[in-house]
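Okay, so here's the structure we're looking at.
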Amino acid sequence: MDVWRRLLLAVVCGVAVASVYAAQPVLEPMARDLGVPQEHAGWIVAIGQCGYLAGLLLLVPLGDVGVNRRRLIAVHLAFTAAGMVLTASASGARAAFVGLAAAGLFAVVVQTAVAYAASVSPPAERGRNIGVVTSGVVVGILGARVVTGTLAEVWGWRSVYVVLAVLSLGLAALVLVALPAEEGGERSAGYGQAVVCLGGLFRQRLFLTRGLIAFFLFASFGTVWSGLSLSLMDAPWRLNESQVGLFGLVGLAGALGAARAGRWADAGRAAPVTGLALGLLVLSWAVIAQLPWSLWLLAAGIVALDFAVQAVHVSNQHLLTAAHPDRTSSVIGGYMVFYSLGSAFGAVATTAVLTSHGWAGSSLLGAGFAACALAVWAVDRRLSPASAKRPTGLEHSLGP
């Protein structure tokens, strides 16, 4: 797969995931305009997440039943655009919720895109391609915080969803023209069998281990990004929304820097890189905890945290798709269930802890999640007989 097709799939992922997270920076004006009471405003974001979780379980297995993934990506993007249009034109909460749920449901095009990239990649390039494509997810999550605020300030919150709808439709057409058809044998015999196979993954050690790591990894990620804006807009910094949004750009620097993790995975270093990155994640919280005293240290900690999260995320997906090359859609969809649950749990937990114990409490919570992920990795390495004999590659440089 050439660089332009990798970038196209990365953009697909970024736009799709932005449709789920776009409401966060404009939650207050959306709730006010749609007539949603302030105490229920969180449902505007939660509805999209619920749709996304349903899509992981119900739609992602379609990629493993002989369906043309290229066409499936285009169809999902088209339905995502329809959900965005419905949201943008909604006059009340009910119509907006339907649109947001539909957009979240079909935002699982992200997993289909990653599965497509894995299936068309030679084994020696699979990690690099997954790394580039997956970077679009982080760009969508963090970039949405910056772009959404700017669009909403100029044209209102509805313009955000209009732009996302136009981008989704344009990408749907471009995918059909620019991406080559997949080659290889037939995939799973039927949808029911694919769903059953998805359930069977939860009994496999590799899948459960990497899933648990992902749960704690994204709980830690959700802790920092869910509590950050509340803390920065409060004393002592009292930043405005635009200034807070700039920290999304800081996070992008770290996340995009981790694209190299795919090459390390191709070189057989996914397991040791996971351990090093999780160690960095724990240490990053010691720096992030300095928010009340230094914004520069906070920025450095966010770069380290997002680098670590993306490195582990890419390594996890590389190992799972390499172990299950015949059902990459299902294995990535099942893995992302842990991601979704971890992100939601981190967001909910940090709000409660931040209210009662401040930023110091949230930092301890985030570090605790990171330590749990590191503990899961360490126990798995210790219990694996092969790990003791397998060279780690750490004696060499982690270069390409």
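Following the order of the structure tokens, first chain is A, next is B, and so on, with residues numbered from 1 inside each chain and ligands from 1 in the order they appear.
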Which residues are near Asp380 in chain A? Cut-off 9 Å, only C-alpha atoms, ignore same chain within fewer than 5 positions. Put them as a PDB file with N, CA and C atoms, in the first residue's frame.
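Contents of the output file part26.pdb:
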```pdb
ATOM      1  N   ARG A 205      -6.259 -16.192  25.426  1.00  0.00           N
ATOM      2  CA  ARG A 205      -5.363 -15.455  26.325  1.00  0.00           C
ATOM      3  C   ARG A 205      -4.776 -14.210  25.663  1.00  0.00           C
ATOM      4  N   LEU A 206      -4.266 -14.324  24.444  1.00  0.00           N
ATOM      5  CA  LEU A 206      -3.657 -13.166  23.790  1.00  0.00           C
ATOM      6  C   LEU A 206      -4.659 -12.033  23.666  1.00  0.00           C
ATOM      7  N   THR A 209      -5.531 -10.562  27.166  1.00  0.00           N
ATOM      8  CA  THR A 209      -4.409  -9.794  27.706  1.00  0.00           C
ATOM      9  C   THR A 209      -4.312  -8.433  27.039  1.00  0.00           C
ATOM     10  N   ALA A 375       1.031  -3.867  34.822  1.00  0.00           N
ATOM     11  CA  ALA A 375       0.995  -5.116  35.590  1.00  0.00           C
ATOM     12  C   ALA A 375       0.447  -6.261  34.750  1.00  0.00           C
TER      13      ALA A 375
END
```
Next item on the list: Please identify all polymer residues within 7 Å of range 164-167 of chain A, counting only C-alpha atoms, omitting same-chain residues fewer than 5 positions from it, and present them as a PyMOL selection string.
Entry: chain A and resi 15+19+81+84-85
Put those residues in a file: C-alpha atoms, as a PDB file, in the first residue's frame.
```
ATOM      1  CA  VAL A  15     -13.329  11.985  10.236  1.00  0.00           C
ATOM      2  CA  SER A  19     -18.194  12.421  14.465  1.00  0.00           C
ATOM      3  CA  ALA A  81     -22.912  11.458   6.731  1.00  0.00           C
ATOM      4  CA  MET A  84     -24.464  14.081  10.706  1.00  0.00           C
ATOM      5  CA  VAL A  85     -27.072  15.725   8.447  1.00  0.00           C
TER       6      VAL A  85
END
```
Notebook entry, point to check: Which residues, written as a list of chain:residue names, have at least one atom at most 6 Å from Ile288 in chain A, with only C-alpha atoms counted and residues fewer than 3 positions away on the same chain left out?
Noted result: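 Result of the neighbour search: A:Trp285, A:Leu291, A:Leu298, A:Gly301.
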Let's have the selection written as a PDB file, in the first residue's frame, with all heavy atoms.
```pdb
ATOM      1  N   TRP A 285       2.536  10.621  34.112  1.00  0.00           N
ATOM      2  CA  TRP A 285       1.573  11.171  35.067  1.00  0.00           C
ATOM      3  C   TRP A 285       2.260  11.965  36.175  1.00  0.00           C
ATOM      4  O   TRP A 285       1.657  12.890  36.742  1.00  0.00           O
ATOM      5  CB  TRP A 285       0.713  10.067  35.653  1.00  0.00           C
ATOM      6  CG  TRP A 285      -0.441   9.737  34.765  1.00  0.00           C
ATOM      7  CD1 TRP A 285      -0.580   8.665  33.941  1.00  0.00           C
ATOM      8  CD2 TRP A 285      -1.623  10.530  34.595  1.00  0.00           C
ATOM      9  NE1 TRP A 285      -1.762   8.726  33.257  1.00  0.00           N
ATOM     10  CE2 TRP A 285      -2.436   9.856  33.635  1.00  0.00           C
ATOM     11  CE3 TRP A 285      -2.085  11.717  35.135  1.00  0.00           C
ATOM     12  CZ2 TRP A 285      -3.669  10.354  33.233  1.00  0.00           C
ATOM     13  CZ3 TRP A 285      -3.309  12.214  34.739  1.00  0.00           C
ATOM     14  CH2 TRP A 285      -4.089  11.538  33.795  1.00  0.00           C
ATOM     15  N   LEU A 291       0.324  20.251  36.775  1.00  0.00           N
ATOM     16  CA  LEU A 291      -0.555  21.249  36.153  1.00  0.00           C
ATOM     17  C   LEU A 291      -0.758  22.508  37.008  1.00  0.00           C
ATOM     18  O   LEU A 291      -0.710  23.623  36.474  1.00  0.00           O
ATOM     19  CB  LEU A 291      -1.909  20.605  35.821  1.00  0.00           C
ATOM     20  CG  LEU A 291      -2.983  21.489  35.167  1.00  0.00           C
ATOM     21  CD1 LEU A 291      -3.901  20.648  34.295  1.00  0.00           C
ATOM     22  CD2 LEU A 291      -3.843  22.213  36.208  1.00  0.00           C
ATOM     23  N   LEU A 298       3.139  20.325  32.034  1.00  0.00           N
ATOM     24  CA  LEU A 298       1.908  19.650  31.618  1.00  0.00           C
ATOM     25  C   LEU A 298       1.980  19.268  30.148  1.00  0.00           C
ATOM     26  O   LEU A 298       1.644  18.132  29.774  1.00  0.00           O
ATOM     27  CB  LEU A 298       0.705  20.561  31.852  1.00  0.00           C
ATOM     28  CG  LEU A 298      -0.631  20.076  31.275  1.00  0.00           C
ATOM     29  CD1 LEU A 298      -1.088  18.810  31.995  1.00  0.00           C
ATOM     30  CD2 LEU A 298      -1.689  21.164  31.378  1.00  0.00           C
ATOM     31  N   GLY A 301       4.270  16.350  29.618  1.00  0.00           N
ATOM     32  CA  GLY A 301       3.644  15.113  30.070  1.00  0.00           C
ATOM     33  C   GLY A 301       2.599  14.604  29.103  1.00  0.00           C
ATOM     34  O   GLY A 301       2.481  13.387  28.885  1.00  0.00           O
TER      35      GLY A 301
END
```
Range 234-336 of chain A near range 210-225 of chain A within 10 Å: what's each residue's closest atom pair and its distance in Å to one decimal, counting only C-alpha atoms, ordered by chain then ascending residue number, as a Markdown table?
```
| residue | atom | partner | partner_atom | distance |
| --- | --- | --- | --- | --- |
| A:Phe247 | CA | A:Trp225 | CA | 9.6 |
| A:Gly248 | CA | A:Trp225 | CA | 9.0 |
| A:Gly251 | CA | A:Trp225 | CA | 9.8 |
| A:Thr274 | CA | A:Ile213 | CA | 9.5 |
| A:Leu278 | CA | A:Leu217 | CA | 8.2 |
| A:Leu281 | CA | A:Leu217 | CA | 8.6 |
| A:Val282 | CA | A:Ser220 | CA | 9.4 |
| A:Trp285 | CA | A:Val224 | CA | 9.1 |
| A:Ile288 | CA | A:Val224 | CA | 8.5 |
| A:Ala289 | CA | A:Val224 | CA | 9.9 |
| A:Ile302 | CA | A:Val224 | CA | 8.4 |
| A:Leu305 | CA | A:Phe221 | CA | 7.7 |
| A:Asp306 | CA | A:Phe221 | CA | 7.8 |
| A:Ala308 | CA | A:Leu217 | CA | 9.2 |
| A:Val309 | CA | A:Leu217 | CA | 6.6 |
| A:Gln310 | CA | A:Leu217 | CA | 9.6 |
| A:Val312 | CA | A:Ala214 | CA | 8.1 |
| A:His313 | CA | A:Ala214 | CA | 7.1 |
| A:Ser315 | CA | A:Arg210 | CA | 9.3 |
| A:Asn316 | CA | A:Arg210 | CA | 5.9 |
| A:Gln317 | CA | A:Arg210 | CA | 8.6 |
| A:Leu319 | CA | A:Arg210 | CA | 8.7 |
| A:Leu320 | CA | A:Arg210 | CA | 8.1 |
| A:Gly334 | CA | A:Gly211 | CA | 8.3 |
| A:Tyr335 | CA | A:Gly211 | CA | 5.5 |
| A:Met336 | CA | A:Gly211 | CA | 7.9 |
```
Residue subset to file, keeping N, CA, C and O atoms, as an mmCIF file, in the first residue's frame:
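What landed in result.cif:
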```cif
data_model
loop_
_atom_site.group_PDB
_atom_site.id
_atom_site.type_symbol
_atom_site.label_atom_id
_atom_site.label_comp_id
_atom_site.auth_asym_id
_atom_site.auth_seq_id
_atom_site.Cartn_x
_atom_site.Cartn_y
_atom_site.Cartn_z
ATOM 1 N N PHE A 247 -4.009 22.462 23.637
ATOM 2 C CA PHE A 247 -3.383 21.270 24.210
ATOM 3 C C PHE A 247 -3.713 20.026 23.384
ATOM 4 O O PHE A 247 -3.017 19.014 23.471
ATOM 5 N N GLY A 248 -4.781 20.098 22.576
ATOM 6 C CA GLY A 248 -5.042 19.018 21.633
ATOM 7 C C GLY A 248 -3.930 18.901 20.608
ATOM 8 O O GLY A 248 -3.533 17.806 20.209
ATOM 9 N N GLY A 251 -1.023 17.187 22.191
ATOM 10 C CA GLY A 251 -1.218 15.737 22.204
ATOM 11 C C GLY A 251 -0.972 15.102 20.855
ATOM 12 O O GLY A 251 -0.443 13.987 20.763
ATOM 13 N N THR A 274 5.722 -2.521 24.063
ATOM 14 C CA THR A 274 4.555 -2.327 24.920
ATOM 15 C C THR A 274 4.974 -2.055 26.360
ATOM 16 O O THR A 274 4.473 -1.130 27.010
ATOM 17 N N LEU A 278 4.369 1.482 28.317
ATOM 18 C CA LEU A 278 3.540 1.534 29.523
ATOM 19 C C LEU A 278 4.324 2.108 30.700
ATOM 20 O O LEU A 278 3.755 2.826 31.538
ATOM 21 N N LEU A 281 4.179 5.700 30.203
ATOM 22 C CA LEU A 281 2.846 6.194 30.536
ATOM 23 C C LEU A 281 2.722 6.468 32.031
ATOM 24 O O LEU A 281 2.181 7.506 32.445
ATOM 25 N N VAL A 282 3.222 5.541 32.852
ATOM 26 C CA VAL A 282 3.190 5.750 34.300
ATOM 27 C C VAL A 282 3.981 6.992 34.684
ATOM 28 O O VAL A 282 3.515 7.851 35.455
ATOM 29 N N TRP A 285 2.536 10.621 34.112
ATOM 30 C CA TRP A 285 1.573 11.171 35.067
ATOM 31 C C TRP A 285 2.260 11.965 36.175
ATOM 32 O O TRP A 285 1.657 12.890 36.742
ATOM 33 N N ILE A 288 2.448 15.266 34.406
ATOM 34 C CA ILE A 288 1.114 15.853 34.204
ATOM 35 C C ILE A 288 0.544 16.374 35.522
ATOM 36 O O ILE A 288 -0.189 17.369 35.538
ATOM 37 N N ALA A 289 0.910 15.759 36.624
ATOM 38 C CA ALA A 289 0.408 16.176 37.934
ATOM 39 C C ALA A 289 0.860 17.580 38.308
ATOM 40 O O ALA A 289 0.307 18.191 39.233
ATOM 41 N N ILE A 302 1.834 15.513 28.489
ATOM 42 C CA ILE A 302 0.815 15.109 27.520
ATOM 43 C C ILE A 302 1.460 14.507 26.281
ATOM 44 O O ILE A 302 0.968 13.514 25.722
ATOM 45 N N LEU A 305 2.507 11.041 27.276
ATOM 46 C CA LEU A 305 1.336 10.169 27.455
ATOM 47 C C LEU A 305 0.747 9.741 26.116
ATOM 48 O O LEU A 305 0.475 8.551 25.898
ATOM 49 N N ASP A 306 0.556 10.688 25.209
ATOM 50 C CA ASP A 306 -0.060 10.331 23.927
ATOM 51 C C ASP A 306 0.871 9.479 23.070
ATOM 52 O O ASP A 306 0.412 8.620 22.312
ATOM 53 N N ALA A 308 2.962 7.254 24.335
ATOM 54 C CA ALA A 308 2.885 5.923 24.932
ATOM 55 C C ALA A 308 1.585 5.224 24.564
ATOM 56 O O ALA A 308 1.579 4.035 24.204
ATOM 57 N N VAL A 309 0.467 5.946 24.632
ATOM 58 C CA VAL A 309 -0.832 5.341 24.322
ATOM 59 C C VAL A 309 -0.870 4.850 22.884
ATOM 60 O O VAL A 309 -1.297 3.724 22.599
ATOM 61 N N GLN A 310 -0.406 5.679 21.962
ATOM 62 C CA GLN A 310 -0.455 5.281 20.557
ATOM 63 C C GLN A 310 0.499 4.122 20.266
ATOM 64 O O GLN A 310 0.169 3.214 19.491
ATOM 65 N N VAL A 312 1.407 1.676 22.290
ATOM 66 C CA VAL A 312 0.808 0.434 22.792
ATOM 67 C C VAL A 312 -0.376 0.023 21.922
ATOM 68 O O VAL A 312 -0.549 -1.162 21.606
ATOM 69 N N HIS A 313 -1.178 0.992 21.528
ATOM 70 C CA HIS A 313 -2.361 0.707 20.710
ATOM 71 C C HIS A 313 -1.970 0.058 19.382
ATOM 72 O O HIS A 313 -2.575 -0.933 18.951
ATOM 73 N N SER A 315 0.873 -1.538 18.713
ATOM 74 C CA SER A 315 1.469 -2.849 18.992
ATOM 75 C C SER A 315 0.395 -3.894 19.266
ATOM 76 O O SER A 315 0.479 -5.037 18.793
ATOM 77 N N ASN A 316 -0.629 -3.514 20.035
ATOM 78 C CA ASN A 316 -1.728 -4.437 20.317
ATOM 79 C C ASN A 316 -2.397 -4.911 19.036
ATOM 80 O O ASN A 316 -2.627 -6.117 18.826
ATOM 81 N N GLN A 317 -2.739 -3.975 18.160
ATOM 82 C CA GLN A 317 -3.448 -4.336 16.932
ATOM 83 C C GLN A 317 -2.566 -5.153 15.992
ATOM 84 O O GLN A 317 -3.049 -6.052 15.299
ATOM 85 N N LEU A 319 -0.198 -7.330 16.880
ATOM 86 C CA LEU A 319 -0.134 -8.695 17.404
ATOM 87 C C LEU A 319 -1.437 -9.447 17.146
ATOM 88 O O LEU A 319 -1.424 -10.628 16.774
ATOM 89 N N LEU A 320 -2.564 -8.783 17.327
ATOM 90 C CA LEU A 320 -3.853 -9.452 17.165
ATOM 91 C C LEU A 320 -4.155 -9.764 15.708
ATOM 92 O O LEU A 320 -4.671 -10.853 15.394
ATOM 93 N N GLY A 334 -13.615 -6.566 18.361
ATOM 94 C CA GLY A 334 -13.670 -7.050 19.728
ATOM 95 C C GLY A 334 -12.674 -6.339 20.627
ATOM 96 O O GLY A 334 -12.985 -5.985 21.772
ATOM 97 N N TYR A 335 -11.484 -6.111 20.112
ATOM 98 C CA TYR A 335 -10.462 -5.389 20.870
ATOM 99 C C TYR A 335 -10.937 -3.983 21.220
ATOM 100 O O TYR A 335 -10.730 -3.492 22.336
ATOM 101 N N MET A 336 -11.611 -3.328 20.272
ATOM 102 C CA MET A 336 -12.052 -1.956 20.499
ATOM 103 C C MET A 336 -13.205 -1.864 21.495
ATOM 104 O O MET A 336 -13.520 -0.769 21.970
#
```
Check: How would you write, as a ChimeraX atom specification, the set of residues in range 139-356 of chain A that DSSP gives as alpha helix (DSSP H)?
Finding: /A:139-155,157-178,191-201,205-232,241-257,261-266,270-288,295-323,328-356
Margin query: Applying 12 Å and only C-alpha atoms, which residues near Ala54 in chain A remain after dropping the ones on its own chain fewer than 4 positions away? List them as a list of chain:residue names.
Written below: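 After dropping sequence-adjacent residues, the list is A:Ile47, A:Gly48, A:Gln49, A:Cys50, A:Leu58, A:Leu59, A:Val60, A:Pro61, A:Ala101, A:Ala102, A:Ala103, A:Gly104, A:Leu105, A:Phe106, A:Ala107, A:Val108, A:Gly333, A:Gly334, A:Met336, A:Val337, A:Ser340, A:Leu341.
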Deliver the residues from the most recent selection as a file, using C-alpha atoms, as a compact mmCIF listing (two decimals), in the first residue's frame.
```txt
# COMPACT_ATOMS: atom_id res chain seq x y z
CA ILE A 47 -25.55 8.46 22.80
CA GLY A 48 -22.81 8.47 20.18
CA GLN A 49 -20.64 6.19 22.34
CA CYS A 50 -23.55 3.77 22.80
CA LEU A 58 -23.08 -5.87 15.19
CA LEU A 59 -21.42 -4.24 12.16
CA VAL A 60 -17.70 -4.93 12.42
CA PRO A 61 -18.13 -8.73 11.86
CA ALA A 101 -26.60 7.34 17.51
CA ALA A 102 -26.52 6.59 13.76
CA ALA A 103 -23.22 8.41 13.33
CA GLY A 104 -21.73 6.49 16.26
CA LEU A 105 -23.06 3.19 14.94
CA PHE A 106 -21.36 3.62 11.57
CA ALA A 107 -18.21 5.24 12.97
CA VAL A 108 -16.96 1.65 13.31
CA GLY A 333 -13.82 -4.87 16.63
CA GLY A 334 -13.67 -7.05 19.73
CA MET A 336 -12.05 -1.96 20.50
CA VAL A 337 -14.82 -2.98 22.90
CA SER A 340 -14.62 1.95 24.33
CA LEU A 341 -15.34 0.69 27.85
```
Checklist line | Non-local contacts of Val98 in chain A (8 Å; only C-alpha atoms; under 3 positions in same chain excluded) as a PyMOL selection string | finding: chain A and resi 83+86-87+94-95+101-102
Item checked: Nearest-residue call for Arg5 in chain A, choices A:Arg238, A:Val353, A:Val348, A:Leu176, using only C-alpha atoms ->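 Smallest distance to Arg5 in chain A is found for A:Leu176.
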If we count only C-alpha atoms and set the cut-off at 7 Å, which residues sit around Thr351 in chain A, ignoring sequence neighbours fewer than 4 positions away in its own chain? Please answer as a PDB file with N, CA and C atoms, in the first residue's frame.
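The result, stored in selection16.pdb:
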```
ATOM      1  N   GLY A 227     -10.676  15.421  32.229  1.00  0.00           N
ATOM      2  CA  GLY A 227     -10.537  16.354  33.339  1.00  0.00           C
ATOM      3  C   GLY A 227      -9.713  17.590  33.023  1.00  0.00           C
ATOM      4  N   ALA A 347     -13.466   8.477  31.805  1.00  0.00           N
ATOM      5  CA  ALA A 347     -14.141   9.772  31.779  1.00  0.00           C
ATOM      6  C   ALA A 347     -15.069   9.943  32.973  1.00  0.00           C
ATOM      7  N   THR A 355     -13.795  16.254  41.299  1.00  0.00           N
ATOM      8  CA  THR A 355     -14.675  17.066  42.134  1.00  0.00           C
ATOM      9  C   THR A 355     -14.303  16.966  43.611  1.00  0.00           C
TER      10      THR A 355
END
```
Next item on the list: Name the closest residue to Val138 in chain A among the candidates A:Ala370, A:Val250, A:Ala349, A:Val154; distances are taken between atoms, counting only C-alpha atoms.
Entry: A:Val250
Note to self: My list of candidates is A:Ser121, A:Leu383, A:Arg69, A:Leu295. Which is closest to Asp266 in chain A when distances are computed with only C-alpha atoms?
What the structure shows: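 Looking only at the distances to Asp266 in chain A, the closest residue turns out to be A:Ser121.
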Notebook entry, point to check: Which is closer to Trp157 in chain A than all the others in A:Cys372, A:Ala23, A:Leu179, A:Ala323, using only C-alpha atoms?
Noted result: A:Ala23
Note to self: For Leu72 in chain A, find every residue with an atom within 12 Å (counting only C-alpha atoms), except residues of its own chain fewer than 5 positions away, and show them as a PyMOL selection string.
What the structure shows: chain A and resi 59-67+77-79+106-113+115-116+172-173+175-176+181+329
